[in-house]
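Coordinates from my_file_39.csv are shown below (CSV, N, CA and C atoms).
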chain,number,residue,atom,x,y,z
A,37,MET,N,0.8,-1.2,0.0
A,37,MET,CA,0.0,0.0,0.0
A,37,MET,C,0.9,1.2,0.0
A,38,SER,N,0.6,2.1,-0.9
A,38,SER,CA,1.4,3.4,-1.0
A,38,SER,C,0.8,4.4,-0.1
A,39,SER,N,1.6,5.3,0.5
A,39,SER,CA,1.1,6.3,1.4
A,39,SER,C,0.7,7.6,0.7
A,40,ALA,N,0.9,7.6,-0.7
A,40,ALA,CA,0.6,8.8,-1.4
A,40,ALA,C,-0.9,9.2,-1.2
A,41,GLY,N,-1.1,10.5,-0.8
A,41,GLY,CA,-2.4,11.0,-0.6
A,41,GLY,C,-3.0,10.6,0.7
A,42,LEU,N,-2.2,10.0,1.7
A,42,LEU,CA,-2.7,9.7,3.0
A,42,LEU,C,-2.0,10.5,4.1
A,43,VAL,N,-2.7,10.7,5.2
A,43,VAL,CA,-2.1,11.4,6.3
A,43,VAL,C,-2.4,10.6,7.6
A,44,LEU,N,-1.5,10.7,8.6
A,44,LEU,CA,-1.6,10.1,9.9
A,44,LEU,C,-2.2,11.1,10.9
A,45,LEU,N,-3.3,10.7,11.6
A,45,LEU,CA,-3.9,11.5,12.6
A,45,LEU,C,-3.5,11.0,14.0
A,46,LYS,N,-3.2,12.0,14.8
A,46,LYS,CA,-2.8,11.6,16.2
A,46,LYS,C,-3.5,12.5,17.2
A,47,GLY,N,-3.8,11.9,18.3
A,47,GLY,CA,-4.4,12.7,19.4
A,47,GLY,C,-5.9,12.8,19.5
A,48,GLY,N,-6.6,12.3,18.5
A,48,GLY,CA,-8.0,12.4,18.5
A,48,GLY,C,-8.7,11.3,19.3
A,49,PRO,N,-10.0,11.1,19.2
A,49,PRO,CA,-10.7,10.0,19.9
A,49,PRO,C,-10.1,8.6,19.5
A,50,SER,N,-10.0,7.7,20.5
A,50,SER,CA,-9.4,6.4,20.3
A,50,SER,C,-10.1,5.6,19.2
A,51,ASP,N,-11.4,5.8,19.0
A,51,ASP,CA,-12.0,5.0,18.0
A,51,ASP,C,-12.2,5.7,16.6
A,52,ALA,N,-11.6,6.9,16.4
A,52,ALA,CA,-11.6,7.6,15.2
A,52,ALA,C,-10.5,7.0,14.2
A,53,PRO,N,-10.7,7.2,12.9
A,53,PRO,CA,-9.6,6.6,12.0
A,53,PRO,C,-8.3,7.3,12.3
A,54,GLN,N,-7.2,6.5,12.0
A,54,GLN,CA,-5.9,7.1,12.2
A,54,GLN,C,-5.2,7.5,10.9
A,55,VAL,N,-5.7,6.9,9.8
A,55,VAL,CA,-5.2,7.3,8.5
A,55,VAL,C,-6.3,7.7,7.6
A,56,VAL,N,-6.2,8.8,7.0
A,56,VAL,CA,-7.3,9.3,6.1
A,56,VAL,C,-6.6,10.0,4.9
A,57,HIS,N,-7.4,10.3,3.9
A,57,HIS,CA,-6.9,11.0,2.7
A,57,HIS,C,-6.5,12.4,3.1
A,58,ALA,N,-5.5,12.9,2.4
A,58,ALA,CA,-4.9,14.2,2.6
A,58,ALA,C,-5.9,15.3,2.2
A,59,PRO,N,-5.9,16.4,2.8
A,59,PRO,CA,-6.7,17.5,2.4
A,59,PRO,C,-6.4,18.0,1.0
A,60,PRO,N,-7.3,18.5,0.2
A,60,PRO,CA,-7.1,18.8,-1.2
A,60,PRO,C,-6.0,20.0,-1.3
A,61,GLY,N,-5.9,20.8,-0.4
A,61,GLY,CA,-5.0,21.9,-0.5
A,61,GLY,C,-3.5,21.6,0.0
A,62,GLY,N,-3.3,20.4,0.4
A,62,GLY,CA,-2.0,20.0,0.9
A,62,GLY,C,-1.9,20.3,2.4
A,63,THR,N,-0.6,20.3,2.9
A,63,THR,CA,-0.4,20.4,4.3
A,63,THR,C,-0.8,21.8,4.9
A,64,ASP,N,-1.1,22.8,4.0
A,64,ASP,CA,-1.5,24.1,4.5
A,64,ASP,C,-3.0,24.0,5.0
A,65,ASP,N,-3.7,23.1,4.5
A,65,ASP,CA,-5.1,22.9,4.9
A,65,ASP,C,-5.2,22.0,6.1
A,66,PRO,N,-6.1,22.3,7.0
A,66,PRO,CA,-6.4,21.3,8.1
A,66,PRO,C,-7.2,20.2,7.6
A,67,VAL,N,-7.2,19.1,8.4
A,67,VAL,CA,-8.1,18.0,8.1
A,67,VAL,C,-9.4,18.2,9.0
A,68,LYS,N,-10.5,18.1,8.3
A,68,LYS,CA,-11.8,18.2,9.0
A,68,LYS,C,-12.5,16.9,8.8
A,69,LEU,N,-12.7,16.1,9.9
A,69,LEU,CA,-13.3,14.7,9.8
A,69,LEU,C,-14.6,14.7,10.5
A,70,ALA,N,-15.7,14.4,9.7
A,70,ALA,CA,-17.0,14.2,10.3
A,70,ALA,C,-16.9,13.0,11.3
A,71,TYR,N,-17.3,13.3,12.5
A,71,TYR,CA,-17.2,12.3,13.6
A,71,TYR,C,-18.3,12.5,14.6
A,72,ARG,N,-19.1,11.5,14.8
A,72,ARG,CA,-20.2,11.5,15.8
A,72,ARG,C,-21.1,12.7,15.6
A,73,ASP,N,-21.1,13.6,16.5
A,73,ASP,CA,-22.1,14.7,16.5
A,73,ASP,C,-21.5,16.0,15.9
A,74,GLY,N,-20.4,15.9,15.2
A,74,GLY,CA,-19.8,17.1,14.6
A,74,GLY,C,-18.6,16.8,13.8
A,75,TYR,N,-17.5,17.6,14.0
A,75,TYR,CA,-16.3,17.5,13.2
A,75,TYR,C,-15.1,17.5,14.2
A,76,ASP,N,-14.1,16.6,13.9
A,76,ASP,CA,-12.8,16.7,14.6
A,76,ASP,C,-11.9,17.4,13.6
A,77,HIS,N,-11.1,18.3,14.2
A,77,HIS,CA,-10.2,19.1,13.4
A,77,HIS,C,-8.7,18.7,13.7
A,78,TYR,N,-7.9,18.6,12.7
A,78,TYR,CA,-6.5,18.2,12.9
A,78,TYR,C,-5.7,19.2,12.1
A,79,GLU,N,-4.5,19.6,12.6
A,79,GLU,CA,-3.6,20.5,12.0
A,79,GLU,C,-2.2,19.8,11.8
A,80,PHE,N,-1.6,20.2,10.7
A,80,PHE,CA,-0.3,19.6,10.3
A,80,PHE,C,0.8,20.0,11.3
A,81,THR,N,1.6,19.0,11.7
A,81,THR,CA,2.6,19.3,12.8
A,81,THR,C,4.0,19.6,12.2
A,82,GLY,N,4.1,19.5,10.9
A,82,GLY,CA,5.4,19.7,10.3
A,82,GLY,C,6.3,18.4,10.3
A,83,GLU,N,5.7,17.3,10.9
A,83,GLU,CA,6.4,16.0,11.0
A,83,GLU,C,5.9,15.0,10.0
A,84,TYR,N,6.7,14.0,9.8
A,84,TYR,CA,6.3,12.9,8.9
A,84,TYR,C,6.6,11.6,9.6
A,85,ALA,N,5.8,10.6,9.4
A,85,ALA,CA,6.0,9.3,10.0
A,85,ALA,C,5.9,8.2,9.0
A,86,ASP,N,6.5,7.1,9.2
A,86,ASP,CA,6.4,5.9,8.3
A,86,ASP,C,5.9,4.8,9.1
A,87,ILE,N,4.7,4.4,8.9
A,87,ILE,CA,4.1,3.3,9.6
A,87,ILE,C,4.1,2.0,8.8
A,88,GLY,N,5.0,1.9,7.8
A,88,GLY,CA,5.1,0.7,7.0
A,88,GLY,C,4.6,0.9,5.5
A,89,ALA,N,4.0,2.0,5.2
A,89,ALA,CA,3.5,2.3,3.9
A,89,ALA,C,4.2,3.4,3.2
A,90,GLY,N,5.2,3.9,3.8
A,90,GLY,CA,6.0,5.1,3.3
A,90,GLY,C,5.7,6.3,4.1
A,91,PRO,N,6.4,7.4,3.9
A,91,PRO,CA,6.2,8.6,4.7
A,91,PRO,C,4.8,9.2,4.6
A,92,MET,N,4.2,9.6,5.7
A,92,MET,CA,3.0,10.3,5.7
A,92,MET,C,3.1,11.6,6.5
A,93,SER,N,2.4,12.6,6.1
A,93,SER,CA,2.3,13.8,7.0
A,93,SER,C,1.5,13.5,8.2
A,94,VAL,N,2.0,14.1,9.4
A,94,VAL,CA,1.4,13.8,10.7
A,94,VAL,C,0.5,15.1,11.0
A,95,TYR,N,-0.7,14.8,11.4
A,95,TYR,CA,-1.7,15.9,11.8
A,95,TYR,C,-2.1,15.6,13.2
A,96,ARG,N,-2.1,16.6,14.1
A,96,ARG,CA,-2.5,16.4,15.5
A,96,ARG,C,-3.9,17.0,15.7
A,97,TRP,N,-4.7,16.4,16.6
A,97,TRP,CA,-6.0,16.8,16.9
A,97,TRP,C,-6.0,18.2,17.5
A,98,ALA,N,-6.9,19.1,17.0
A,98,ALA,CA,-6.9,20.5,17.4
A,98,ALA,C,-8.2,20.8,18.1
A,99,GLY,N,-9.2,19.9,18.0
A,99,GLY,CA,-10.5,20.2,18.7
A,99,GLY,C,-11.6,19.6,18.0
A,100,HIS,N,-12.8,19.8,18.6
A,100,HIS,CA,-14.1,19.2,18.0
A,100,HIS,C,-15.1,20.3,18.0
A,101,THR,N,-15.8,20.4,16.9
A,101,THR,CA,-17.0,21.3,16.8
A,101,THR,C,-18.2,20.5,16.6
A,102,ARG,N,-19.4,21.0,17.0
A,102,ARG,CA,-20.6,20.3,16.8
A,102,ARG,C,-21.3,20.8,15.6
A,103,TYR,N,-22.1,19.9,15.0
A,103,TYR,CA,-22.9,20.3,13.8
A,103,TYR,C,-23.8,21.5,14.2
A,104,ALA,N,-24.0,22.4,13.3
A,104,ALA,CA,-24.9,23.6,13.5
A,104,ALA,C,-26.3,23.0,13.4
A,105,GLU,N,-27.2,23.5,14.3
A,105,GLU,CA,-28.6,23.1,14.2
A,105,GLU,C,-29.5,24.0,13.4

What does the file become when written as structure tokens?
Amino acid sequence: MSSAGLVLLKGGPSDAPQVVHAPPGGTDDPVKLAYRDGYDHYEFTGEYADIGAGPMSVYRWAGHTRYAE
């Protein structure tokens, strides 16, 4: 499996995905992941990790927002 187009998420909820597709704007854009009752937000750390599929950008959990009603 190639890591092209994938990013590693750290620090979010334990049952959330750890690897997702990269944001369309590259590392300048945060990752916004629909999760439970809202969105989890992740920001690029400037780090890269290799978990066996090649180097991936690492994003750290920055917070959660709820869906607007």

Practice task
Quick one: pull the distance between atom N of Asp86 of chain A and atom C of His57 of chain A, Å, one decimal.
Solution key: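 One can read the atom N of Asp86 of chain A to atom C of His57 of chain A distance as 15.3 Å.
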
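Atom C of Arg102 of chain A lies 4.8 Å from atom C of Asp73 of chain A.
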
Practice task
Within 7 Å of Val55 of chain A, counting all atoms listed in the file, which residues show up once you throw out same-chain ones fewer than 4 positions away? Write them as a count of residues only, please.
Solution key: 4

With segment 92-99 of chain A as the partner and 8 Å as the cut-off, tabulate the residues of segment 46-66 of chain A that qualify, each row holding the nearest pair of atoms and their distance in Å to one decimal, using only N, CA and C atoms, sorted by chain and rising number, as JSON lines.
{"residue": "A:Lys46", "atom": "N", "partner": "A:Tyr95", "partner_atom": "C", "distance": 4.1}
{"residue": "A:Gly47", "atom": "CA", "partner": "A:Trp97", "partner_atom": "N", "distance": 4.6}
{"residue": "A:Gly48", "atom": "N", "partner": "A:Trp97", "partner_atom": "CA", "distance": 4.8}
{"residue": "A:Pro49", "atom": "N", "partner": "A:Trp97", "partner_atom": "CA", "distance": 7.3}
{"residue": "A:Thr63", "atom": "CA", "partner": "A:Ser93", "partner_atom": "CA", "distance": 7.6}

Handout entry: Asp76 of chain A surroundings by only N, CA and C atoms, 6.5 Å radius, close-in-sequence under 6 positions cut, as a list in words
Key = Val67, Lys68, Leu69, Ala70, Ala98, Gly99, His100 and Thr101 of chain A

Practice task
Check the DSSP output for the backbone and give back, as a ChimeraX atom specification, the residues of chain A in strand (DSSP E).
Solution key: /A:42-46,55-57,67-71,74-86,91-102

Exercise for the section: Please measure the separation of atom N of Tyr103 of chain A and atom C of Gly74 of chain A, giving the value in Å to one decimal. Expected result: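 Distance between the two atoms: 4.8 Å.
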
Exercise for the section: Point out the residue among A:Tyr71, A:Pro91, A:Ala104, A:Asp64 with the least atom-to-atom distance to Ala52 of chain A, counting only N, CA and C atoms. Expected result: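 Of A:Tyr71, A:Pro91, A:Ala104, A:Asp64, the one nearest Ala52 of chain A is A:Tyr71, counting only N, CA and C atoms.
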